[in-house]
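Enquirer: Next comes the structure file query_12.txt, holding compact mmCIF, C-alpha atoms.
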```txt
# COMPACT_ATOMS: atom_id res chain seq x y z
CA MET A 81 109.00 88.72 101.53
CA SER A 82 111.63 90.24 103.83
CA PHE A 83 111.51 91.75 107.30
CA LYS A 84 111.55 95.43 108.20
CA LYS A 85 115.01 96.74 109.00
CA ASN A 86 115.44 98.68 112.26
CA HIS A 87 111.99 97.56 113.40
CA VAL A 88 111.17 95.61 116.55
CA ASP A 89 107.95 93.72 117.24
CA ILE A 90 107.28 93.07 120.93
CA ILE A 91 104.75 90.42 121.94
CA SER A 92 103.66 90.48 125.60
CA MET A 93 102.29 87.34 127.19
CA GLY A 94 100.86 86.79 130.64
CA CYS A 95 100.08 89.41 133.25
CA SER A 96 100.05 93.19 133.48
CA LYS A 97 103.38 93.08 135.37
CA ASN A 98 104.92 91.63 132.21
CA LEU A 99 103.21 94.32 130.16
CA ILE A 100 104.98 97.05 132.13
CA ASP A 101 108.35 95.42 131.40
CA SER A 102 107.45 95.45 127.69
CA GLU A 103 106.48 99.11 127.89
CA ARG A 104 109.83 99.97 129.46
CA LEU A 105 111.60 98.04 126.72
CA ILE A 106 109.66 99.91 124.05
CA ARG A 107 110.75 103.28 125.47
CA ARG A 108 114.42 102.23 125.48
CA LEU A 109 114.27 100.97 121.91
CA GLN A 110 112.57 104.13 120.70
CA ALA A 111 115.26 106.21 122.39
CA LYS A 112 117.85 104.35 120.30
CA GLY A 113 115.95 105.16 117.11
CA TYR A 114 114.08 101.90 116.44
CA SER A 115 110.46 101.71 115.36
CA VAL A 116 108.44 99.40 117.59
CA THR A 117 105.08 97.64 117.27
CA HIS A 118 103.45 96.06 120.30
CA ASN A 119 101.49 92.83 119.80
CA PRO A 120 101.42 93.03 115.99
CA GLU A 121 98.81 91.06 114.06
CA THR A 122 101.58 89.97 111.72
CA PRO A 123 105.16 90.17 113.01
CA GLU A 124 107.54 91.54 110.41
CA GLY A 125 110.38 93.13 112.34
CA GLU A 126 114.12 92.68 112.11
CA TYR A 127 113.74 91.59 115.71
CA VAL A 128 110.72 89.93 117.32
CA VAL A 129 110.84 89.98 121.13
CA VAL A 130 108.57 87.60 123.04
CA ASN A 131 108.05 88.54 126.68
CA THR A 132 107.12 85.08 127.90
CA CYS A 133 104.93 83.89 130.75
CA GLY A 134 105.91 80.94 132.92
CA PHE A 135 103.24 80.99 135.60
CA ILE A 136 101.26 77.82 134.88
CA GLY A 137 101.39 74.98 132.37
CA ASP A 138 98.99 76.47 129.83
CA ALA A 139 100.91 79.76 129.80
CA LYS A 140 104.22 77.99 129.30
CA GLU A 141 102.78 75.98 126.42
CA GLU A 142 101.37 79.11 124.80
CA SER A 143 104.75 80.85 124.98
CA ILE A 144 106.60 77.88 123.51
CA ASN A 145 104.08 77.40 120.70
CA LEU A 146 104.44 81.06 119.76
CA LEU A 147 108.23 80.78 119.62
CA LEU A 148 107.89 77.75 117.33
CA GLU A 149 105.48 79.65 115.06
CA LEU A 150 107.92 82.54 114.88
CA GLY A 151 110.63 80.05 113.90
CA ASN A 152 108.59 79.19 110.82
CA LEU A 153 108.26 82.88 109.94
CA LYS A 154 112.02 83.29 110.31
CA ASP A 155 112.60 80.37 107.94
CA GLN A 156 110.45 82.24 105.40
CA ASN A 157 112.51 85.41 105.95
CA SER A 158 109.33 87.19 107.12
CA ILE A 159 111.06 88.18 110.35
CA GLY A 160 114.66 88.54 111.42
CA SER A 161 115.94 87.45 114.82
CA ILE A 162 113.81 85.92 117.59
CA VAL A 163 114.47 87.21 121.08
CA ALA A 164 112.90 85.62 124.20
CA MET A 165 112.74 87.24 127.62
CA GLY A 166 110.49 87.15 130.68
CA CYS A 167 109.38 84.61 133.24
CA LEU A 168 109.71 81.45 131.16
CA THR A 169 113.28 82.25 130.12
CA GLU A 170 114.19 83.25 133.68
CA ARG A 171 113.14 79.82 134.93
CA TYR A 172 114.07 77.53 132.03
CA PHE A 173 116.96 79.37 130.38
CA LYS A 174 119.22 76.37 129.74
CA GLU A 175 116.37 74.13 128.59
CA LEU A 176 115.12 76.71 126.09
CA GLU A 177 118.65 77.40 124.88
CA SER A 178 119.24 73.72 124.08
CA GLU A 179 115.76 72.69 122.93
CA LEU A 180 114.60 75.72 120.92
CA PRO A 181 117.31 76.59 118.38
CA GLU A 182 114.75 78.90 116.74
CA ILE A 183 115.56 81.47 119.45
CA ASP A 184 118.51 83.70 118.55
CA LYS A 185 118.86 85.48 121.89
CA LEU A 186 117.59 84.69 125.38
CA TYR A 187 117.38 87.02 128.36
CA GLY A 188 115.91 86.50 131.79
CA LYS A 189 113.15 88.54 133.37
CA PHE A 190 115.51 91.19 134.69
CA ASP A 191 118.47 91.32 132.29
CA TRP A 192 116.71 92.19 129.04
CA ASP A 193 118.49 95.54 128.99
CA GLY A 194 121.32 93.49 127.51
CA PHE A 195 119.30 93.21 124.30
CA VAL A 196 118.98 96.99 124.09
CA ASN A 197 122.66 97.54 124.79
CA GLU A 198 123.72 95.12 122.05
CA LEU A 199 121.77 96.99 119.35
CA PRO A 200 123.58 99.77 117.49
CA ASP A 201 122.39 103.31 118.20
CA LEU A 202 120.41 104.81 115.33
CA LYS A 203 120.13 108.09 117.24
CA SER A 204 121.54 109.34 120.52
CA ASP A 205 118.55 110.39 122.61
CA ARG A 206 118.83 110.60 126.40
CA ARG A 207 118.73 107.14 127.97
CA PRO A 208 115.32 106.81 129.68
CA ALA A 209 115.12 106.35 133.42
CA GLU A 210 114.50 102.77 134.50
CA TRP A 211 110.80 103.45 135.17
CA GLU A 212 110.06 105.38 131.96
CA ARG A 213 107.89 103.59 129.43
CA THR A 214 105.70 103.93 126.38
CA LEU A 215 102.14 102.99 127.28
CA THR A 216 100.37 100.28 125.32
CA THR A 217 97.14 100.76 127.28
CA PRO A 218 94.59 103.48 126.44
CA PRO A 219 96.26 106.87 127.08
CA HIS A 220 94.04 107.63 130.07
CA SER A 221 94.82 104.39 131.95
CA ALA A 222 98.04 102.77 133.16
CA TYR A 223 99.27 99.93 135.31
CA LEU A 224 101.70 100.93 138.05
CA LYS A 225 104.05 98.27 139.40
CA ILE A 226 105.25 99.19 142.89
CA SER A 227 107.28 96.10 143.75
CA GLU A 228 108.73 92.93 142.30
CA GLY A 229 109.02 89.44 143.70
CA CYS A 230 107.41 87.69 146.67
CA ASN A 231 108.48 86.30 150.05
CA ARG A 232 105.39 84.18 150.71
CA PHE A 233 106.37 80.89 149.01
CA CYS A 234 102.87 79.45 148.85
CA ALA A 235 102.99 75.73 148.14
CA PHE A 236 101.44 75.97 144.68
CA CYS A 237 103.18 79.08 143.35
CA ALA A 238 106.36 79.33 141.27
CA ILE A 239 106.46 83.14 141.21
CA PRO A 240 109.08 83.50 144.00
CA LEU A 241 111.25 80.98 142.14
CA ILE A 242 111.08 83.19 139.06
CA THR A 243 111.09 86.72 140.43
CA GLY A 244 113.03 86.26 143.66
CA ARG A 245 112.45 87.99 146.96
CA HIS A 246 110.06 90.88 147.41
CA LYS A 247 111.64 94.22 146.46
CA SER A 248 109.73 97.49 146.93
CA ARG A 249 110.37 100.46 144.69
CA PRO A 250 111.14 103.78 146.44
CA ILE A 251 108.08 105.92 147.13
CA GLU A 252 109.65 109.01 145.57
CA GLU A 253 110.46 107.17 142.35
CA ILE A 254 106.89 105.87 142.07
CA LEU A 255 105.46 109.34 142.67
CA GLU A 256 107.76 110.77 140.01
CA GLU A 257 106.45 108.18 137.56
CA VAL A 258 102.84 109.02 138.45
CA LYS A 259 103.44 112.75 137.97
CA THR A 260 105.01 112.10 134.58
CA LEU A 261 102.15 109.89 133.46
CA THR A 262 99.46 112.35 134.58
CA LYS A 263 101.15 115.02 132.45
CA GLU A 264 100.81 112.59 129.54
CA GLY A 265 97.06 112.29 130.21
CA VAL A 266 96.77 109.25 132.47
CA LYS A 267 93.84 109.52 134.90
CA GLU A 268 93.49 105.95 136.15
CA PHE A 269 96.26 104.04 137.91
CA ASN A 270 95.90 100.32 138.48
CA VAL A 271 98.44 99.64 141.21
CA ILE A 272 99.90 96.14 140.91
CA ALA A 273 102.44 93.90 142.64
CA GLN A 274 102.75 90.23 143.35
CA ASP A 275 102.12 91.15 147.00
CA LEU A 276 100.79 94.64 147.74
CA SER A 277 100.49 93.83 151.43
CA SER A 278 104.26 93.63 151.89
CA TYR A 279 105.04 96.93 150.19
CA GLY A 280 107.64 98.86 152.17
CA LEU A 281 108.68 96.15 154.61
CA ASP A 282 111.97 95.41 152.86
CA ARG A 283 112.85 99.03 152.09
CA TYR A 284 111.49 100.95 155.08
CA GLY A 285 111.03 98.28 157.71
CA ARG A 286 107.29 99.02 157.90
CA HIS A 287 104.11 98.79 155.87
CA ALA A 288 104.16 101.75 153.50
CA LEU A 289 101.26 101.05 151.12
CA ALA A 290 98.91 103.49 152.88
CA GLU A 291 101.48 106.29 152.74
CA LEU A 292 102.17 105.66 149.06
CA ILE A 293 98.49 105.62 148.06
CA ASP A 294 97.71 108.69 150.18
CA ARG A 295 100.50 110.65 148.52
CA MET A 296 99.48 109.43 145.08
CA ALA A 297 95.94 110.65 145.75
CA ASP A 298 97.33 114.17 146.30
CA ILE A 299 98.79 114.38 142.79
CA GLU A 300 96.83 116.61 140.44
CA GLY A 301 95.22 114.64 137.62
CA VAL A 302 94.97 111.32 139.48
CA GLU A 303 91.27 110.51 139.34
CA TRP A 304 91.22 106.78 140.11
CA ILE A 305 93.65 104.56 142.03
CA ARG A 306 92.76 100.87 142.11
CA LEU A 307 94.57 98.22 144.17
CA HIS A 308 95.41 94.75 142.86
CA TYR A 309 96.86 91.61 144.39
CA ALA A 310 96.86 92.18 148.13
CA TYR A 311 97.80 89.22 150.29
CA PRO A 312 95.48 88.29 153.18
CA ALA A 313 98.15 87.48 155.79
CA ASP A 314 99.76 90.49 157.51
CA PHE A 315 97.36 92.80 155.68
CA PRO A 316 98.11 96.58 156.02
CA TYR A 317 94.84 97.73 157.59
CA ASP A 318 95.81 101.42 157.46
CA VAL A 319 95.32 101.41 153.70
CA LEU A 320 91.60 100.95 154.35
CA ASP A 321 91.48 104.34 156.09
CA VAL A 322 93.01 105.94 152.99
CA MET A 323 90.54 104.14 150.77
CA ALA A 324 87.61 105.31 152.89
CA GLN A 325 88.78 108.92 153.12
CA ARG A 326 90.12 109.64 149.63
CA GLU A 327 87.54 110.02 146.85
CA ASN A 328 90.00 109.14 144.10
CA VAL A 329 90.97 105.81 145.69
CA CYS A 330 88.55 103.27 144.26
CA LYS A 331 86.42 101.29 146.70
CA TYR A 332 87.79 98.11 145.19
CA LEU A 333 90.31 95.53 146.33
CA ASP A 334 91.74 92.52 144.53
CA ILE A 335 92.79 90.04 147.21
CA ALA A 336 93.40 86.37 146.36
CA LEU A 337 92.16 84.09 149.14
CA GLN A 338 92.62 80.71 147.37
CA HIS A 339 90.57 78.67 149.90
CA ILE A 340 88.79 78.77 153.25
CA SER A 341 89.27 75.26 154.68
CA ASP A 342 91.87 75.31 157.46
CA SER A 343 93.43 72.08 156.22
CA GLN A 344 93.80 73.44 152.70
CA LEU A 345 95.07 76.83 153.82
CA SER A 346 97.69 75.09 155.94
CA ARG A 347 98.79 72.73 153.17
CA MET A 348 98.91 75.66 150.75
CA ARG A 349 101.16 77.53 153.21
CA ARG A 350 98.97 80.61 153.11
CA HIS A 351 100.01 81.92 156.55
CA ILE A 352 96.38 82.55 157.56
CA ASP A 353 93.47 80.38 158.73
CA LYS A 354 89.72 80.47 158.24
CA GLU A 355 89.06 82.59 161.31
CA GLY A 356 91.69 85.12 160.27
CA THR A 357 90.26 85.28 156.76
CA LEU A 358 86.72 85.90 157.99
CA LYS A 359 87.90 88.62 160.39
CA LEU A 360 89.84 90.27 157.57
CA LEU A 361 86.83 90.36 155.25
CA GLU A 362 84.62 91.69 158.02
CA LYS A 363 87.11 94.46 158.83
CA ILE A 364 87.53 95.46 155.17
CA ARG A 365 83.78 95.82 154.68
CA GLU A 366 83.37 97.62 158.00
CA LYS A 367 86.11 100.17 157.28
CA VAL A 368 85.16 100.79 153.63
CA PRO A 369 81.37 100.69 153.21
CA GLY A 370 80.36 99.83 149.66
CA ILE A 371 83.68 98.26 148.75
CA LYS A 372 83.63 95.61 146.05
CA LEU A 373 86.02 92.69 146.42
CA ARG A 374 87.66 90.60 143.73
CA THR A 375 89.20 87.32 144.79
CA THR A 376 90.73 84.21 143.26
CA LEU A 377 90.12 80.68 144.51
CA MET A 378 91.70 77.32 143.77
CA VAL A 379 90.16 73.87 143.64
CA GLY A 380 91.82 70.50 143.50
CA PHE A 381 94.94 71.26 145.52
CA PRO A 382 96.50 68.04 146.86
CA GLY A 383 94.49 66.64 149.73
CA GLU A 384 91.31 68.62 149.01
CA THR A 385 88.40 66.50 150.19
CA GLU A 386 84.74 66.80 149.28
CA GLU A 387 84.23 68.32 152.73
CA ASP A 388 86.91 70.94 152.01
CA PHE A 389 85.25 71.78 148.71
CA GLU A 390 81.77 72.01 150.20
CA GLU A 391 83.16 74.35 152.86
CA LEU A 392 84.55 76.51 150.08
CA LEU A 393 81.19 76.58 148.31
CA GLU A 394 79.39 77.64 151.48
CA PHE A 395 81.99 80.34 152.04
CA VAL A 396 81.40 81.77 148.56
CA LYS A 397 77.62 81.65 149.01
CA HIS A 398 77.90 83.48 152.32
CA GLN A 399 80.43 86.12 151.27
CA GLN A 400 78.74 87.07 147.98
CA PHE A 401 81.92 88.28 146.31
CA ASP A 402 81.37 90.95 143.67
CA ARG A 403 84.11 89.58 141.42
CA LEU A 404 85.55 86.09 141.55
CA GLY A 405 87.91 84.02 139.43
CA ALA A 406 88.92 80.42 140.03
CA PHE A 407 91.24 77.82 138.61
CA ALA A 408 92.12 74.19 139.10
CA TYR A 409 95.44 73.28 140.69
CA SER A 410 98.27 72.62 138.27
CA GLU A 411 101.51 71.20 139.67
CA GLU A 412 104.48 73.50 139.08
CA ASP A 413 108.09 72.30 139.02
CA ASP A 414 110.10 72.75 142.22
CA THR A 415 107.29 74.30 144.26
CA TYR A 416 106.67 73.04 147.79
CA GLY A 417 103.49 71.33 146.60
CA ALA A 418 105.26 69.50 143.79
CA LEU A 419 108.10 68.39 146.07
CA HIS A 420 106.04 67.32 149.09
CA TYR A 421 102.51 66.37 147.96
CA GLU A 422 101.03 63.88 145.57
CA ASP A 423 98.74 65.50 143.00
CA ASP A 424 95.96 63.20 144.18
CA VAL A 425 92.77 64.92 143.00
CA PRO A 426 91.80 63.51 139.58
CA GLU A 427 91.63 66.04 136.75
CA SER A 428 87.97 65.19 136.14
CA VAL A 429 87.16 65.96 139.78
CA LYS A 430 89.09 69.23 139.61
CA GLN A 431 87.06 70.27 136.57
CA GLN A 432 83.76 69.25 138.15
CA ARG A 433 84.55 71.28 141.25
CA LEU A 434 85.64 74.26 139.20
CA ASP A 435 82.45 74.15 137.12
CA LYS A 436 80.30 73.88 140.24
CA LEU A 437 82.08 76.75 141.96
CA MET A 438 81.76 79.05 138.96
CA ALA A 439 78.09 78.14 138.55
CA VAL A 440 77.47 79.26 142.14
CA GLN A 441 79.35 82.48 141.50
CA GLN A 442 77.42 83.09 138.28
CA ASP A 443 74.16 83.04 140.24
CA ILE A 444 75.63 85.45 142.77
CA SER A 445 76.90 87.78 140.05
CA GLU A 446 73.54 87.84 138.29
CA LYS A 447 71.80 88.76 141.53
CA LEU A 448 74.33 91.47 142.43
CA ASN A 449 74.32 92.89 138.90
CA SER A 450 70.51 93.01 138.75
CA ALA A 451 70.51 95.01 141.98
CA GLN A 452 72.50 97.72 140.17
CA VAL A 453 69.66 98.51 137.78
CA GLY A 454 68.39 102.01 138.46
CA SER A 455 71.54 103.14 140.25
CA LYS A 456 73.63 106.11 139.20
CA VAL A 457 77.33 105.49 138.53
CA LYS A 458 80.36 107.51 137.55
CA LEU A 459 81.95 105.98 134.46
CA LEU A 460 85.24 106.31 132.62
CA VAL A 461 84.88 106.10 128.84
CA ASP A 462 87.44 103.63 127.48
CA GLU A 463 86.59 103.35 123.80
CA TYR A 464 83.79 103.20 121.24
CA GLU A 465 82.27 100.28 119.38
CA GLY A 466 80.38 102.03 116.64
CA ASP A 467 78.26 104.61 118.44
CA VAL A 468 78.34 102.71 121.76
CA ALA A 469 80.69 103.97 124.46
CA ILE A 470 82.41 101.17 126.37
CA CYS A 471 82.92 102.38 129.94
CA ARG A 472 83.97 101.17 133.38
CA SER A 473 83.15 102.17 136.94
CA GLN A 474 85.55 102.50 139.86
CA TRP A 475 84.64 98.89 140.73
CA ASP A 476 85.77 97.48 137.40
CA SER A 477 89.38 96.83 136.52
CA PRO A 478 90.43 96.77 132.84
CA GLU A 479 90.04 93.47 130.98
CA VAL A 480 88.88 91.35 133.93
CA ASP A 481 85.73 93.06 135.21
CA LEU A 482 82.43 94.36 133.86
CA THR A 483 81.85 97.11 131.32
CA TYR A 484 79.00 99.54 130.79
CA ARG A 485 77.62 100.12 127.31
CA VAL A 486 76.34 103.69 127.00
CA LEU A 487 74.37 104.56 123.87
CA ASN A 488 73.59 108.24 124.24
CA THR A 489 76.88 109.93 125.08
CA GLU A 490 79.24 112.05 123.02
CA ALA A 491 82.00 111.92 125.63
CA CYS A 492 85.49 111.15 124.35
CA PRO A 493 87.63 108.24 125.58
CA GLY A 494 89.26 109.27 128.83
CA GLU A 495 86.37 111.46 129.95
CA MET A 496 84.17 110.76 132.99
CA ILE A 497 80.40 110.72 132.75
CA GLU A 498 77.43 110.08 135.07
CA ALA A 499 75.04 107.37 133.95
CA VAL A 500 72.05 105.38 135.15
CA VAL A 501 72.11 101.59 134.79
CA THR A 502 69.08 100.48 132.78
CA GLU A 503 69.80 96.79 132.22
CA ALA A 504 72.10 94.09 133.61
CA LEU A 505 73.44 91.54 131.12
CA PRO A 506 75.63 88.51 131.98
CA PHE A 507 78.92 90.30 131.32
CA ASP A 508 78.08 93.99 131.14
CA PHE A 509 75.51 96.66 131.78
CA ILE A 510 73.44 98.94 129.58
CA ALA A 511 73.40 102.52 130.84
CA GLU A 512 72.22 105.98 129.83
CA GLU A 513 74.19 109.15 130.46
CA VAL A 514 72.68 111.62 132.88
CA LYS A 515 72.80 114.93 131.06
CA PRO A 516 73.63 118.05 133.14
```
Take the structure I supplied and represent it as structure tokens, if you would.
Expert:
Amino acid sequence: MSFKKNHVDIISMGCSKNLIDSERLIRRLQAKGYSVTHNPETPEGEYVVVNTCGFIGDAKEESINLLLELGNLKDQNSIGSIVAMGCLTERYFKELESELPEIDKLYGKFDWDGFVNELPDLKSDRRPAEWERTLTTPPHSAYLKISEGCNRFCAFCAIPLITGRHKSRPIEEILEEVKTLTKEGVKEFNVIAQDLSSYGLDRYGRHALAELIDRMADIEGVEWIRLHYAYPADFPYDVLDVMAQRENVCKYLDIALQHISDSQLSRMRRHIDKEGTLKLLEKIREKVPGIKLRTTLMVGFPGETEEDFEELLEFVKHQQFDRLGAFAYSEEDDTYGALHYEDDVPESVKQQRLDKLMAVQQDISEKLNSAQVGSKVKLLVDEYEGDVAICRSQWDSPEVDLTYRVLNTEACPGEMIEAVVTEALPFDFIAEEVKP
């Protein structure tokens, strides 16, 4: 068996921010005349590009194991060259270069254009703009990255070490991208950044998220705008006014809080305390009635006591978050936590706390979901499983949140429908379309 000439397989690992980089790479390769497959079941290209993740230990291990598996395929002549890019290569370039001879070419997170430039041109199309990309998501939905990097330097997080300082994209460039994508049929924009709250500060000297979202909402064809990864400290409150006033800005906010204990927030270097966090949540819910919040919490950070953990549990019980994810602390090389704290919470205790926290949230989710039965919701049809339409509401982000299974609709993917929730299941809803 031999590989496909002039064909590139691209495998994206990690987060949606990585996915956008892969989509930009696909567009550049296509412009040079190469055929490209994204996340193939069986890689078979002359080049296989792995866009690696280096966020936490499990993600690093997954990326390395994949590169080793691809090395076996290369030995069998099933694929050609192996190319690695992304967060893992940005952080561990020299180590990967010396320890993984299976890799033919390595590029960091931001210099992968070098790979494109080294390939011979098979055709001479116009070189795409930096933001142009070929979507790998459903054609009606896209992620929109508005900035790169982070200035926060939380004690547990390696992202600033990988991506560098926060860098906002120009508003006009983002709006041009949105206009282009709406012409291609995109209706839903999931706005992402490592730190939405800081958007504009580096470029304009002021918070500019509210202005950006307000101007996006004016663009014809934009039906849903959803905000992901806000930071609680120095939060741009004016974006809440836009969210409350604009119908096509989803009443949804993804804001990672990590903890509520003052001692843990301080040790984590989160730049906010318990009182500030509670005031923020109160203000968000006051300014945007009906908003649903997604947050992420951490257990087992160095120094977390049973009292800290119980305080976190009570916080979750009181706040009744609509969407919640959690993970156990994992020490990351060169972070403040790794350099200054002993990882002193046993792994078994971390897991016990994580299990207990998620059990509490499961009870909350079941109660909140059951309360939705009988309500009418506007849904976006994503795809079909047999004759069942898999849909989402404005409160449900792709891949991480709930879906609605609608049995009696003939709407096509990308269309909006009205439906009544008839049943709440653990991970989705059953609904029936309301016929006009």
Enquirer: Extract, using only C-alpha atoms, all DNA, RNA and protein residues at most 10 Å from Asp321 in chain A, discarding same-chain residues fewer than 3 positions from it, and format them as a list in words.
Expert: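 The residues that qualify are Ala290, Asp294, Tyr317, Asp318, Ala324, Gln325, Arg326, Ile364, Lys367 and Val368 of chain A.
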Enquirer: Could you state the separation of CA of Cys471 in chain A and CA of Thr489 in chain A in Å, given to one decimal place?
Expert: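 The value is 10.8 Å.
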Enquirer: Which is closest to Gly301 in chain A among A:Ser227, A:Lys436, A:Gly494, A:Asp467, if we use all atoms listed in the file?
Expert: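 Checking each candidate against Gly301 in chain A, we get A:Gly494 as the closest.
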Enquirer: Show me, as a list in words, the residues that have an atom within 10 Å of Glu411 in chain A when counting all atoms listed in the file, minus same-chain residues fewer than 5 positions from it.
Expert: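 Listing them by chain and then by number gives Ile136, Gly137, Ala235, Phe236, Cys237, Ala238, Phe381, Pro382, Tyr416, Gly417, Ala418, Leu419, Tyr421, Glu422 and Asp423 of chain A.
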Enquirer: Could you list, as a PyMOL selection string, every residue within 10 Å of Lys189 in chain A, counting all atoms listed in the file and ignoring same-chain residues fewer than 5 positions away?
Expert: chain A and resi 98+101+131-133+164-171+242-243
Enquirer: I'd like the interatomic distance between CA of Leu199 in chain A and CA of Tyr127 in chain A, to a tenth of an Å.
Expert: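 Interatomic distance, CA of Leu199 in chain A to CA of Tyr127 in chain A: 10.3 Å.
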Enquirer: Using only C-alpha atoms, which protein or nucleic acid residues come within 6 Å of Met348 in chain A? Drop anything in the same chain fewer than 3 positions from it, and give the result as a list in words.
Expert: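 Contacts, in chain order: Cys234, Ala235, Gln344 and Leu345 of chain A.
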Enquirer: Could you pull the residues within 12 Å of Asp476 in chain A, counting only C-alpha atoms, minus those fewer than 3 positions along the same chain, as an MDAnalysis selection string?
Expert: chainID A and resid 268 270 304:308 330:334 371:374 402:403 457:460 462 471:473 479:484 507:509
Enquirer: Here is a test: counting only C-alpha atoms, which residue of A:Thr260, A:Ser410, A:Thr216, A:Asn152 is nearest to Ser96 in chain A?
Expert: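 Ranked by minimum distance to Ser96 in chain A, first place goes to A:Thr216.
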Enquirer: Taking (108.8, 80.9, 118.5) in the file's coordinates as the center, which residues reach within 12 Å of it, counting only C-alpha atoms, put as a count of residues only?
Expert: 38
Enquirer: Using all atoms listed in the file, find the one residue out of A:Glu300, A:His246, A:Asp275, A:Ser102 that sits nearest to Val258 in chain A.
Expert: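 Checking each candidate against Val258 in chain A, we get A:Glu300 as the closest.
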Enquirer: To one decimal place in Å, what is the distance between CA of Glu498 in chain A and CA of Glu513 in chain A?
Expert: 5.7 Å
Enquirer: Between A:Val319, A:Cys230, A:Val329, A:Ala408, which has the minimum distance to Gly244 in chain A (counting only C-alpha atoms)?
Expert: A:Cys230
